[in-house]
>>> print(open('query.cif').read())   # mmCIF, C-alpha atoms
data_data
#
loop_
_atom_site.label_atom_id
_atom_site.label_comp_id
_atom_site.auth_asym_id
_atom_site.auth_seq_id
_atom_site.Cartn_x
_atom_site.Cartn_y
_atom_site.Cartn_z
CA MET Z 126 81.61 14.02 -99.01
CA ALA Z 127 84.66 11.79 -98.69
CA ASP Z 128 88.23 13.08 -99.19
CA GLY Z 129 91.37 11.12 -100.10
CA GLU Z 130 92.23 10.28 -96.48
CA THR Z 131 88.68 9.10 -95.90
CA GLU Z 132 88.72 6.99 -99.05
CA ASP Z 133 91.85 5.20 -97.84
CA ALA Z 134 90.26 4.45 -94.45
CA LEU Z 135 87.08 3.31 -96.19
CA ALA Z 136 89.04 0.87 -98.34
CA HIS Z 137 90.53 -0.72 -95.20
CA SER Z 138 87.22 -0.98 -93.32
CA PHE Z 139 84.43 -3.56 -93.38
CA LEU Z 140 82.39 -0.98 -95.32
CA ALA Z 141 84.43 -1.88 -98.41
CA GLU Z 142 82.51 -5.21 -98.42
CA LEU Z 143 79.20 -3.44 -98.99
CA PRO Z 144 77.54 -3.14 -102.42
CA ALA Z 145 78.89 -0.25 -104.48
CA GLU Z 146 75.60 1.63 -104.43
CA VAL Z 147 75.47 1.54 -100.62
CA ILE Z 148 79.04 2.83 -100.37
CA SER Z 149 78.13 5.68 -102.72
CA GLU Z 150 75.15 6.59 -100.53
CA LEU Z 151 77.35 6.58 -97.41
CA ARG Z 152 79.94 8.79 -99.13
CA ALA Z 153 77.30 11.28 -100.22
CA GLY Z 154 75.55 11.42 -96.84
CA GLY Z 155 78.63 11.50 -94.59
CA GLU Z 156 80.73 14.34 -93.22
CA ARG Z 157 84.29 14.73 -91.93
CA ALA Z 158 85.00 15.87 -88.36
CA ASP Z 159 88.39 16.36 -86.66
CA TYR Z 160 89.07 16.39 -82.92
CA PRO Z 161 92.06 17.36 -80.73
CA ALA Z 162 93.52 14.90 -78.25
CA GLY Z 163 91.42 14.52 -75.11
CA THR Z 164 88.10 15.27 -76.79
CA THR Z 165 85.18 13.06 -75.80
CA VAL Z 166 83.73 12.27 -79.21
CA TYR Z 167 80.77 10.25 -77.95
CA GLN Z 168 79.21 10.47 -74.49
CA PRO Z 169 77.88 7.33 -72.75
CA GLY Z 170 74.16 6.96 -73.34
CA SER Z 171 74.06 9.39 -76.28
CA GLU Z 172 71.90 8.85 -79.35
CA PRO Z 173 73.42 6.02 -81.43
CA ARG Z 174 75.52 7.05 -84.41
CA ALA Z 175 78.30 5.51 -86.46
CA ALA Z 176 81.59 6.90 -87.76
CA LEU Z 177 84.61 5.68 -89.72
CA VAL Z 178 87.98 6.41 -88.11
CA VAL Z 179 90.05 8.31 -90.67
CA ARG Z 180 93.16 9.14 -88.63
CA GLY Z 181 94.49 9.10 -85.08
CA LEU Z 182 93.77 6.83 -82.13
CA LEU Z 183 90.59 6.71 -80.04
CA ARG Z 184 89.61 4.67 -77.01
CA VAL Z 185 86.19 3.16 -76.38
CA PHE Z 186 85.34 2.93 -72.70
CA LEU Z 187 82.57 1.74 -70.41
CA ALA Z 188 81.43 4.11 -67.68
CA SER Z 189 79.84 3.20 -64.36
CA LEU Z 190 77.20 5.15 -62.43
CA GLU Z 191 80.04 6.34 -60.17
CA ALA Z 192 81.82 7.82 -63.25
CA ARG Z 193 84.55 5.18 -63.19
CA GLN Z 194 85.84 4.05 -66.58
CA VAL Z 195 87.42 0.97 -68.13
CA THR Z 196 88.81 0.86 -71.65
CA VAL Z 197 87.39 -1.94 -73.79
CA ARG Z 198 88.83 -1.09 -77.21
CA TYR Z 199 91.19 1.20 -79.08
CA ALA Z 200 90.19 2.31 -82.59
CA ARG Z 201 92.49 3.27 -85.46
CA PRO Z 202 92.04 4.28 -89.13
CA GLY Z 203 89.77 1.83 -90.94
CA ASP Z 204 87.74 0.98 -87.82
CA VAL Z 205 84.05 1.83 -87.67
CA LEU Z 206 82.68 3.10 -84.37
CA GLY Z 207 79.09 2.78 -83.22
CA ILE Z 208 77.88 -0.34 -85.02
CA ALA Z 209 76.92 -2.09 -81.78
CA VAL Z 210 74.87 0.83 -80.42
CA LEU Z 211 73.40 1.38 -83.88
CA VAL Z 212 71.95 -2.14 -83.72
CA GLY Z 213 71.29 -2.47 -79.99
CA GLY Z 214 70.57 1.09 -78.88
CA PRO Z 215 72.30 3.43 -76.38
CA ALA Z 216 74.80 1.95 -73.92
CA SER Z 217 77.16 3.17 -71.20
CA VAL Z 218 79.94 3.44 -73.76
CA GLY Z 219 81.94 6.55 -74.62
CA VAL Z 220 84.64 7.40 -77.16
CA GLN Z 221 87.60 9.69 -76.52
CA ALA Z 222 90.45 10.82 -78.79
CA VAL Z 223 93.82 9.72 -77.38
CA GLU Z 224 95.67 11.72 -80.06
CA PRO Z 225 94.41 14.21 -82.71
CA SER Z 226 91.88 12.20 -84.67
CA GLY Z 227 89.56 12.43 -87.65
CA LEU Z 228 86.22 10.72 -88.20
CA PHE Z 229 83.89 10.41 -91.17
CA ARG Z 230 80.38 10.48 -89.71
CA LEU Z 231 78.11 7.96 -91.40
CA SER Z 232 74.38 8.28 -91.99
CA SER Z 233 72.79 5.82 -89.56
CA ARG Z 234 69.54 5.96 -91.48
CA THR Z 235 71.26 5.03 -94.75
CA LEU Z 236 73.18 2.13 -93.21
CA LEU Z 237 70.20 0.65 -91.36
CA ALA Z 238 67.90 1.01 -94.35
CA ALA Z 239 70.43 -0.81 -96.52
CA ALA Z 240 70.72 -3.60 -93.92
CA ARG Z 241 66.95 -4.10 -93.88
CA ARG Z 242 66.67 -4.45 -97.67
CA ASP Z 243 69.94 -6.25 -98.50
CA ALA Z 244 71.15 -9.41 -96.75
CA ARG Z 245 74.72 -8.68 -97.89
CA VAL Z 246 74.78 -5.53 -95.79
CA SER Z 247 73.27 -7.35 -92.79
CA TRP Z 248 75.89 -10.09 -93.06
CA ALA Z 249 78.73 -7.55 -93.26
CA ILE Z 250 77.43 -5.84 -90.12
CA ALA Z 251 77.16 -9.22 -88.36
CA GLY Z 252 80.77 -9.96 -89.27
CA GLU Z 253 81.89 -6.59 -87.91
CA LEU Z 254 80.06 -7.18 -84.63
CA ASN Z 255 81.77 -10.57 -84.34
CA ARG Z 256 85.21 -8.98 -84.85
CA ARG Z 257 84.45 -6.35 -82.23
CA LEU Z 258 83.50 -9.08 -79.76
CA TYR Z 259 86.81 -10.86 -80.31
CA ASP Z 260 88.72 -7.59 -79.97
CA THR Z 261 86.98 -6.87 -76.66
CA LEU Z 262 87.90 -10.34 -75.42
CA GLU Z 263 91.50 -9.72 -76.48
CA GLN Z 264 91.62 -6.41 -74.59
CA THR Z 265 90.18 -8.15 -71.53
CA ALA Z 266 92.91 -10.80 -71.78
CA VAL Z 267 95.63 -8.12 -71.94
CA ASN Z 268 94.21 -6.43 -68.85
CA ALA Z 269 94.05 -9.71 -66.96
CA PHE Z 270 96.97 -11.77 -68.27
CA GLY Z 271 99.31 -9.42 -70.19
CA SER Z 272 103.01 -8.95 -69.46
CA VAL Z 273 104.14 -6.07 -67.26
CA ARG Z 274 105.18 -4.16 -70.39
CA GLN Z 275 101.75 -4.63 -71.96
CA ARG Z 276 99.95 -3.63 -68.77
CA VAL Z 277 102.13 -0.55 -68.28
CA ALA Z 278 101.46 0.57 -71.87
CA ALA Z 279 97.72 0.02 -71.49
CA HIS Z 280 97.61 1.85 -68.15
CA LEU Z 281 99.53 4.86 -69.51
CA LEU Z 282 97.04 5.14 -72.37
CA ASP Z 283 94.15 5.00 -69.92
CA LEU Z 284 95.79 7.55 -67.63
CA ALA Z 285 96.46 10.01 -70.44
CA SER Z 286 92.89 9.64 -71.70
CA ALA Z 287 91.37 10.20 -68.27
CA GLN Z 288 93.43 13.39 -67.79
CA GLN Z 289 92.60 14.57 -71.34
CA GLU Z 290 96.21 15.21 -72.26
CA PRO Z 291 99.01 13.05 -73.74
CA ALA Z 292 100.66 12.72 -70.33
CA GLY Z 293 100.11 11.21 -66.95
CA ARG Z 294 101.15 12.41 -63.49
CA VAL Z 295 102.11 9.20 -61.73
CA SER Z 296 105.07 7.87 -59.77
CA GLN Z 297 106.80 4.63 -60.63
CA GLN Z 298 105.47 3.09 -57.43
CA GLU Z 299 101.91 4.14 -58.22
CA LEU Z 300 102.28 2.69 -61.71
CA ALA Z 301 103.69 -0.54 -60.27
CA ASP Z 302 100.74 -0.80 -57.88
CA ALA Z 303 98.30 -0.18 -60.74
CA VAL Z 304 99.70 -2.99 -62.91
CA GLY Z 305 100.41 -5.46 -60.12
CA SER Z 306 104.21 -5.40 -60.32
CA VAL Z 307 107.20 -3.93 -58.44
CA ARG Z 308 108.86 -0.53 -58.94
CA GLU Z 309 112.14 -1.95 -60.23
CA VAL Z 310 110.42 -3.89 -63.03
CA VAL Z 311 108.25 -0.94 -64.01
CA ALA Z 312 111.31 1.35 -64.02
CA ARG Z 313 113.01 -0.99 -66.48
CA VAL Z 314 109.93 -1.04 -68.75
CA LEU Z 315 109.71 2.76 -68.70
CA ARG Z 316 113.40 3.04 -69.54
CA GLU Z 317 112.95 0.71 -72.52
CA LEU Z 318 109.95 2.70 -73.77
CA ARG Z 319 111.87 5.95 -73.33
CA VAL Z 320 114.87 4.66 -75.31
CA ALA Z 321 112.47 3.52 -78.06
CA GLY Z 322 111.09 7.07 -78.30
CA VAL Z 323 107.58 6.07 -77.23
CA ILE Z 324 107.51 8.11 -74.00
CA ALA Z 325 109.46 10.79 -72.15
CA THR Z 326 109.76 10.84 -68.36
CA ALA Z 327 110.23 13.42 -65.62
CA ALA Z 328 110.14 13.24 -61.82
CA ASP Z 329 106.36 12.80 -61.55
CA ARG Z 330 105.23 12.92 -65.16
CA ILE Z 331 105.22 10.53 -68.12
CA VAL Z 332 104.58 12.07 -71.53
CA ILE Z 333 103.34 9.92 -74.40
CA LEU Z 334 105.25 10.80 -77.57
CA ASP Z 335 103.68 8.17 -79.82
CA ALA Z 336 100.25 6.94 -78.72
CA ALA Z 337 99.88 4.54 -81.66
CA ARG Z 338 103.17 2.78 -80.85
CA LEU Z 339 102.26 2.68 -77.18
CA TYR Z 340 98.99 1.01 -78.13
CA ALA Z 341 100.97 -1.60 -80.12
CA GLU Z 342 103.10 -2.19 -77.01
CA SER Z 343 99.90 -2.87 -75.05
CA GLY Z 344 99.31 -5.95 -77.20
CA GLY Z 345 96.46 -4.68 -79.38
CA SER Z 346 95.94 -6.29 -82.77
CA ALA Z 347 96.61 -4.36 -85.97
CA GLY Z 348 93.03 -4.90 -87.08
CA LEU Z 349 91.41 -3.69 -83.87
#
>>> encode(input="query.cif", output="structure tokens")
Amino acid sequence: MADGETEDALAHSFLAELPAEVISELRAGGERADYPAGTTVYQPGSEPRAALVVRGLLRVFLASLEARQVTVRYARPGDVLGIAVLVGGPASVGVQAVEPSGLFRLSSRTLLAAARRDARVSWAIAGELNRRLYDTLEQTAVNAFGSVRQRVAAHLLDLASAQQEPAGRVSQQELADAVGSVREVVARVLRELRVAGVIATAADRIVILDAARLYAESGGSAGL
């Protein structure tokens, strides 16, 4: 059953476009689950399932056969995870909590059955898939063409996620190499982020104090 926090996320998601009776079915058949930072919520290749993000920040990543990862999307409250795999089947995509996060697990059977019998539900799902495509293209553009500040923010999020803690052990030179810049420029960006209260720094360690704000610094859209 949905709680107040879940209801707020639901109202800001594409699910709010669905017919009232379908929303009621999803409320009744769903369940809340909360995860600490660093938790892998969905393993690549797992059985498809969908969930509404209720709180926190999660990253969606692609994994290679060599266990390498690349982030393709960050998800915040109001986003719905798993629609693509629900339609297309398992993929090499995983989901990990960047900060303490809450999900409302949706009944895949209920959602797919509604899509098969009601064109309004199918159209809403198609619209969501289209938005996710554009968001993935946007994330790709940030990785390829973003400013040094955007690339540093994105890399710190990736680093913290890979180490399963809100911190990364990395030198300024290593960070500069990773984002294709020079140490002096990266040092200035880190100083600005530290003054803004987004990160804290030590000799060989950068601690993320506000993952959501760091994500905003990476150039991600509010709608994700």
>>> resolve_selection(input="query.cif", expression="the PyMOL selection byres ((chain Z and resi 311) around 12)", output="ChimeraX atom specification")
/Z:272-278,280-281,296-310,312-318
>>> residues_around(input="query.cif", residues="stretch 222-232 of chain Z", least_positions_apart="6", cutoff="10 Å", atoms="all atoms listed in the file", output="PDB file with C-alpha atoms, keeping the file's coordinate frame")
ATOM      1  CA  MET Z 126      81.610  14.020 -99.010  1.00  0.00           C
ATOM      2  CA  ALA Z 127      84.660  11.790 -98.690  1.00  0.00           C
ATOM      3  CA  ASP Z 128      88.230  13.080 -99.190  1.00  0.00           C
ATOM      4  CA  GLU Z 130      92.230  10.280 -96.480  1.00  0.00           C
ATOM      5  CA  THR Z 131      88.680   9.100 -95.900  1.00  0.00           C
ATOM      6  CA  GLU Z 132      88.720   6.990 -99.050  1.00  0.00           C
ATOM      7  CA  ALA Z 134      90.260   4.450 -94.450  1.00  0.00           C
ATOM      8  CA  LEU Z 135      87.080   3.310 -96.190  1.00  0.00           C
ATOM      9  CA  GLU Z 150      75.150   6.590-100.530  1.00  0.00           C
ATOM     10  CA  LEU Z 151      77.350   6.580 -97.410  1.00  0.00           C
ATOM     11  CA  ARG Z 152      79.940   8.790 -99.130  1.00  0.00           C
ATOM     12  CA  ALA Z 153      77.300  11.280-100.220  1.00  0.00           C
ATOM     13  CA  GLY Z 154      75.550  11.420 -96.840  1.00  0.00           C
ATOM     14  CA  GLY Z 155      78.630  11.500 -94.590  1.00  0.00           C
ATOM     15  CA  GLU Z 156      80.730  14.340 -93.220  1.00  0.00           C
ATOM     16  CA  ARG Z 157      84.290  14.730 -91.930  1.00  0.00           C
ATOM     17  CA  ALA Z 158      85.000  15.870 -88.360  1.00  0.00           C
ATOM     18  CA  ASP Z 159      88.390  16.360 -86.660  1.00  0.00           C
ATOM     19  CA  TYR Z 160      89.070  16.390 -82.920  1.00  0.00           C
ATOM     20  CA  PRO Z 161      92.060  17.360 -80.730  1.00  0.00           C
ATOM     21  CA  ALA Z 162      93.520  14.900 -78.250  1.00  0.00           C
ATOM     22  CA  GLY Z 163      91.420  14.520 -75.110  1.00  0.00           C
ATOM     23  CA  THR Z 164      88.100  15.270 -76.790  1.00  0.00           C
ATOM     24  CA  THR Z 165      85.180  13.060 -75.800  1.00  0.00           C
ATOM     25  CA  VAL Z 166      83.730  12.270 -79.210  1.00  0.00           C
ATOM     26  CA  TYR Z 167      80.770  10.250 -77.950  1.00  0.00           C
ATOM     27  CA  ARG Z 174      75.520   7.050 -84.410  1.00  0.00           C
ATOM     28  CA  ALA Z 175      78.300   5.510 -86.460  1.00  0.00           C
ATOM     29  CA  ALA Z 176      81.590   6.900 -87.760  1.00  0.00           C
ATOM     30  CA  LEU Z 177      84.610   5.680 -89.720  1.00  0.00           C
ATOM     31  CA  VAL Z 178      87.980   6.410 -88.110  1.00  0.00           C
ATOM     32  CA  VAL Z 179      90.050   8.310 -90.670  1.00  0.00           C
ATOM     33  CA  ARG Z 180      93.160   9.140 -88.630  1.00  0.00           C
ATOM     34  CA  GLY Z 181      94.490   9.100 -85.080  1.00  0.00           C
ATOM     35  CA  LEU Z 182      93.770   6.830 -82.130  1.00  0.00           C
ATOM     36  CA  LEU Z 183      90.590   6.710 -80.040  1.00  0.00           C
ATOM     37  CA  ARG Z 184      89.610   4.670 -77.010  1.00  0.00           C
ATOM     38  CA  VAL Z 185      86.190   3.160 -76.380  1.00  0.00           C
ATOM     39  CA  TYR Z 199      91.190   1.200 -79.080  1.00  0.00           C
ATOM     40  CA  ALA Z 200      90.190   2.310 -82.590  1.00  0.00           C
ATOM     41  CA  ARG Z 201      92.490   3.270 -85.460  1.00  0.00           C
ATOM     42  CA  PRO Z 202      92.040   4.280 -89.130  1.00  0.00           C
ATOM     43  CA  GLY Z 203      89.770   1.830 -90.940  1.00  0.00           C
ATOM     44  CA  ASP Z 204      87.740   0.980 -87.820  1.00  0.00           C
ATOM     45  CA  VAL Z 205      84.050   1.830 -87.670  1.00  0.00           C
ATOM     46  CA  LEU Z 206      82.680   3.100 -84.370  1.00  0.00           C
ATOM     47  CA  GLY Z 207      79.090   2.780 -83.220  1.00  0.00           C
ATOM     48  CA  LEU Z 282      97.040   5.140 -72.370  1.00  0.00           C
ATOM     49  CA  ASP Z 283      94.150   5.000 -69.920  1.00  0.00           C
ATOM     50  CA  ALA Z 285      96.460  10.010 -70.440  1.00  0.00           C
ATOM     51  CA  SER Z 286      92.890   9.640 -71.700  1.00  0.00           C
ATOM     52  CA  ALA Z 287      91.370  10.200 -68.270  1.00  0.00           C
ATOM     53  CA  GLN Z 289      92.600  14.570 -71.340  1.00  0.00           C
ATOM     54  CA  GLU Z 290      96.210  15.210 -72.260  1.00  0.00           C
ATOM     55  CA  PRO Z 291      99.010  13.050 -73.740  1.00  0.00           C
ATOM     56  CA  ILE Z 333     103.340   9.920 -74.400  1.00  0.00           C
ATOM     57  CA  LEU Z 334     105.250  10.800 -77.570  1.00  0.00           C
ATOM     58  CA  ASP Z 335     103.680   8.170 -79.820  1.00  0.00           C
ATOM     59  CA  ALA Z 336     100.250   6.940 -78.720  1.00  0.00           C
ATOM     60  CA  ALA Z 337      99.880   4.540 -81.660  1.00  0.00           C
TER      61      ALA Z 337
END
>>> resolve_selection(input="query.cif", expression="the PyMOL selection byres ((chain Z and resi 198) around 10)", output="VMD selection string")
chain Z and resid 183 to 187 195 to 197 199 to 200 220 257 to 258 260 to 265 345 349
>>> atom_distance(input="query.cif", atom1="atom CA of Z:Pro173", atom2="atom CA of Z:Glu146")
23.5 Å
>>> closest_residue(input="query.cif", among="Z:Ala325, Z:Ile148, Z:Ala188, Z:Ala251", to="Z:Gln168", atoms="all atoms listed in the file")
Z:Ala188
>>> atom_distance(input="query.cif", atom1="atom CA of Z:Asp243", atom2="atom CA of Z:Val218")
28.4 Å
>>> atom_distance(input="query.cif", atom1="atom CA of Z:Arg256", atom2="atom CA of Z:Val323")
28.0 Å
>>> closest_residue(input="query.cif", among="Z:Arg245, Z:Ala239, Z:Val267, Z:Pro215", to="Z:Gly344", atoms="only C-alpha atoms")
Z:Val267
>>> build_atoms(input="query.cif", residues="stretch 149-160 of chain Z", atoms="all heavy atoms", output="PDB file, keeping the file's coordinate frame")
ATOM      1  N   SER Z 149      78.339   4.359-102.114  1.00  0.00           N
ATOM      2  CA  SER Z 149      78.130   5.680-102.720  1.00  0.00           C
ATOM      3  C   SER Z 149      77.167   6.515-101.876  1.00  0.00           C
ATOM      4  O   SER Z 149      77.374   7.724-101.679  1.00  0.00           O
ATOM      5  CB  SER Z 149      77.580   5.530-104.141  1.00  0.00           C
ATOM      6  OG  SER Z 149      78.528   4.899-104.985  1.00  0.00           O
ATOM      7  N   GLU Z 150      76.112   5.876-101.379  1.00  0.00           N
ATOM      8  CA  GLU Z 150      75.150   6.590-100.530  1.00  0.00           C
ATOM      9  C   GLU Z 150      75.821   7.064 -99.239  1.00  0.00           C
ATOM     10  O   GLU Z 150      75.563   8.184 -98.775  1.00  0.00           O
ATOM     11  CB  GLU Z 150      73.969   5.682-100.195  1.00  0.00           C
ATOM     12  CG  GLU Z 150      73.057   5.367-101.372  1.00  0.00           C
ATOM     13  CD  GLU Z 150      71.931   4.412-100.974  1.00  0.00           C
ATOM     14  OE1 GLU Z 150      71.652   4.296 -99.771  1.00  0.00           O
ATOM     15  OE2 GLU Z 150      71.342   3.800-101.877  1.00  0.00           O
ATOM     16  N   LEU Z 151      76.668   6.214 -98.649  1.00  0.00           N
ATOM     17  CA  LEU Z 151      77.350   6.580 -97.410  1.00  0.00           C
ATOM     18  C   LEU Z 151      78.333   7.721 -97.653  1.00  0.00           C
ATOM     19  O   LEU Z 151      78.471   8.626 -96.818  1.00  0.00           O
ATOM     20  CB  LEU Z 151      78.071   5.366 -96.829  1.00  0.00           C
ATOM     21  CG  LEU Z 151      77.174   4.250 -96.282  1.00  0.00           C
ATOM     22  CD1 LEU Z 151      78.007   3.041 -95.896  1.00  0.00           C
ATOM     23  CD2 LEU Z 151      76.364   4.747 -95.078  1.00  0.00           C
ATOM     24  N   ARG Z 152      79.029   7.690 -98.784  1.00  0.00           N
ATOM     25  CA  ARG Z 152      79.940   8.790 -99.130  1.00  0.00           C
ATOM     26  C   ARG Z 152      79.176  10.104 -99.234  1.00  0.00           C
ATOM     27  O   ARG Z 152      79.582  11.127 -98.692  1.00  0.00           O
ATOM     28  CB  ARG Z 152      80.627   8.514-100.473  1.00  0.00           C
ATOM     29  CG  ARG Z 152      81.752   7.511-100.458  1.00  0.00           C
ATOM     30  CD  ARG Z 152      82.553   7.647-101.740  1.00  0.00           C
ATOM     31  NE  ARG Z 152      83.532   6.580-101.900  1.00  0.00           N
ATOM     32  CZ  ARG Z 152      83.345   5.504-102.665  1.00  0.00           C
ATOM     33  NH1 ARG Z 152      82.194   5.348-103.319  1.00  0.00           N
ATOM     34  NH2 ARG Z 152      84.275   4.577-102.765  1.00  0.00           N
ATOM     35  N   ALA Z 153      78.071  10.061 -99.961  1.00  0.00           N
ATOM     36  CA  ALA Z 153      77.300  11.280-100.220  1.00  0.00           C
ATOM     37  C   ALA Z 153      76.666  11.841 -98.954  1.00  0.00           C
ATOM     38  O   ALA Z 153      76.557  13.066 -98.792  1.00  0.00           O
ATOM     39  CB  ALA Z 153      76.224  11.000-101.263  1.00  0.00           C
ATOM     40  N   GLY Z 154      76.258  10.964 -98.037  1.00  0.00           N
ATOM     41  CA  GLY Z 154      75.550  11.420 -96.840  1.00  0.00           C
ATOM     42  C   GLY Z 154      76.428  11.645 -95.626  1.00  0.00           C
ATOM     43  O   GLY Z 154      75.934  12.069 -94.579  1.00  0.00           O
ATOM     44  N   GLY Z 155      77.737  11.366 -95.739  1.00  0.00           N
ATOM     45  CA  GLY Z 155      78.630  11.500 -94.590  1.00  0.00           C
ATOM     46  C   GLY Z 155      79.301  12.852 -94.521  1.00  0.00           C
ATOM     47  O   GLY Z 155      79.232  13.658 -95.450  1.00  0.00           O
ATOM     48  N   GLU Z 156      79.982  13.104 -93.393  1.00  0.00           N
ATOM     49  CA  GLU Z 156      80.730  14.340 -93.220  1.00  0.00           C
ATOM     50  C   GLU Z 156      81.962  14.105 -92.367  1.00  0.00           C
ATOM     51  O   GLU Z 156      81.957  13.266 -91.470  1.00  0.00           O
ATOM     52  CB  GLU Z 156      79.854  15.435 -92.591  1.00  0.00           C
ATOM     53  CG  GLU Z 156      79.343  15.097 -91.198  1.00  0.00           C
ATOM     54  CD  GLU Z 156      78.544  16.227 -90.583  1.00  0.00           C
ATOM     55  OE1 GLU Z 156      78.490  17.305 -91.214  1.00  0.00           O
ATOM     56  OE2 GLU Z 156      77.988  16.043 -89.495  1.00  0.00           O
ATOM     57  N   ARG Z 157      83.028  14.854 -92.647  1.00  0.00           N
ATOM     58  CA  ARG Z 157      84.290  14.730 -91.930  1.00  0.00           C
ATOM     59  C   ARG Z 157      84.285  15.608 -90.683  1.00  0.00           C
ATOM     60  O   ARG Z 157      83.759  16.722 -90.689  1.00  0.00           O
ATOM     61  CB  ARG Z 157      85.429  15.148 -92.872  1.00  0.00           C
ATOM     62  CG  ARG Z 157      86.817  15.221 -92.250  1.00  0.00           C
ATOM     63  CD  ARG Z 157      87.409  13.857 -91.952  1.00  0.00           C
ATOM     64  NE  ARG Z 157      88.726  13.992 -91.368  1.00  0.00           N
ATOM     65  CZ  ARG Z 157      89.871  13.904 -92.057  1.00  0.00           C
ATOM     66  NH1 ARG Z 157      89.837  13.678 -93.365  1.00  0.00           N
ATOM     67  NH2 ARG Z 157      91.035  14.023 -91.453  1.00  0.00           N
ATOM     68  N   ALA Z 158      84.865  15.100 -89.602  1.00  0.00           N
ATOM     69  CA  ALA Z 158      85.000  15.870 -88.360  1.00  0.00           C
ATOM     70  C   ALA Z 158      86.352  15.527 -87.740  1.00  0.00           C
ATOM     71  O   ALA Z 158      86.737  14.354 -87.688  1.00  0.00           O
ATOM     72  CB  ALA Z 158      83.875  15.544 -87.393  1.00  0.00           C
ATOM     73  N   ASP Z 159      87.079  16.553 -87.277  1.00  0.00           N
ATOM     74  CA  ASP Z 159      88.390  16.360 -86.660  1.00  0.00           C
ATOM     75  C   ASP Z 159      88.362  16.825 -85.213  1.00  0.00           C
ATOM     76  O   ASP Z 159      87.690  17.818 -84.877  1.00  0.00           O
ATOM     77  CB  ASP Z 159      89.457  17.111 -87.451  1.00  0.00           C
ATOM     78  CG  ASP Z 159      89.650  16.541 -88.844  1.00  0.00           C
ATOM     79  OD1 ASP Z 159      90.216  15.431 -88.955  1.00  0.00           O
ATOM     80  OD2 ASP Z 159      89.224  17.186 -89.824  1.00  0.00           O
ATOM     81  N   TYR Z 160      89.116  16.125 -84.354  1.00  0.00           N
ATOM     82  CA  TYR Z 160      89.070  16.390 -82.920  1.00  0.00           C
ATOM     83  C   TYR Z 160      90.486  16.430 -82.335  1.00  0.00           C
ATOM     84  O   TYR Z 160      91.335  15.590 -82.682  1.00  0.00           O
ATOM     85  CB  TYR Z 160      88.288  15.289 -82.195  1.00  0.00           C
ATOM     86  CG  TYR Z 160      86.879  15.101 -82.704  1.00  0.00           C
ATOM     87  CD1 TYR Z 160      86.613  14.185 -83.717  1.00  0.00           C
ATOM     88  CD2 TYR Z 160      85.825  15.829 -82.179  1.00  0.00           C
ATOM     89  CE1 TYR Z 160      85.318  14.001 -84.199  1.00  0.00           C
ATOM     90  CE2 TYR Z 160      84.525  15.656 -82.645  1.00  0.00           C
ATOM     91  CZ  TYR Z 160      84.283  14.739 -83.653  1.00  0.00           C
ATOM     92  OH  TYR Z 160      83.010  14.553 -84.127  1.00  0.00           O
TER      93      TYR Z 160
END
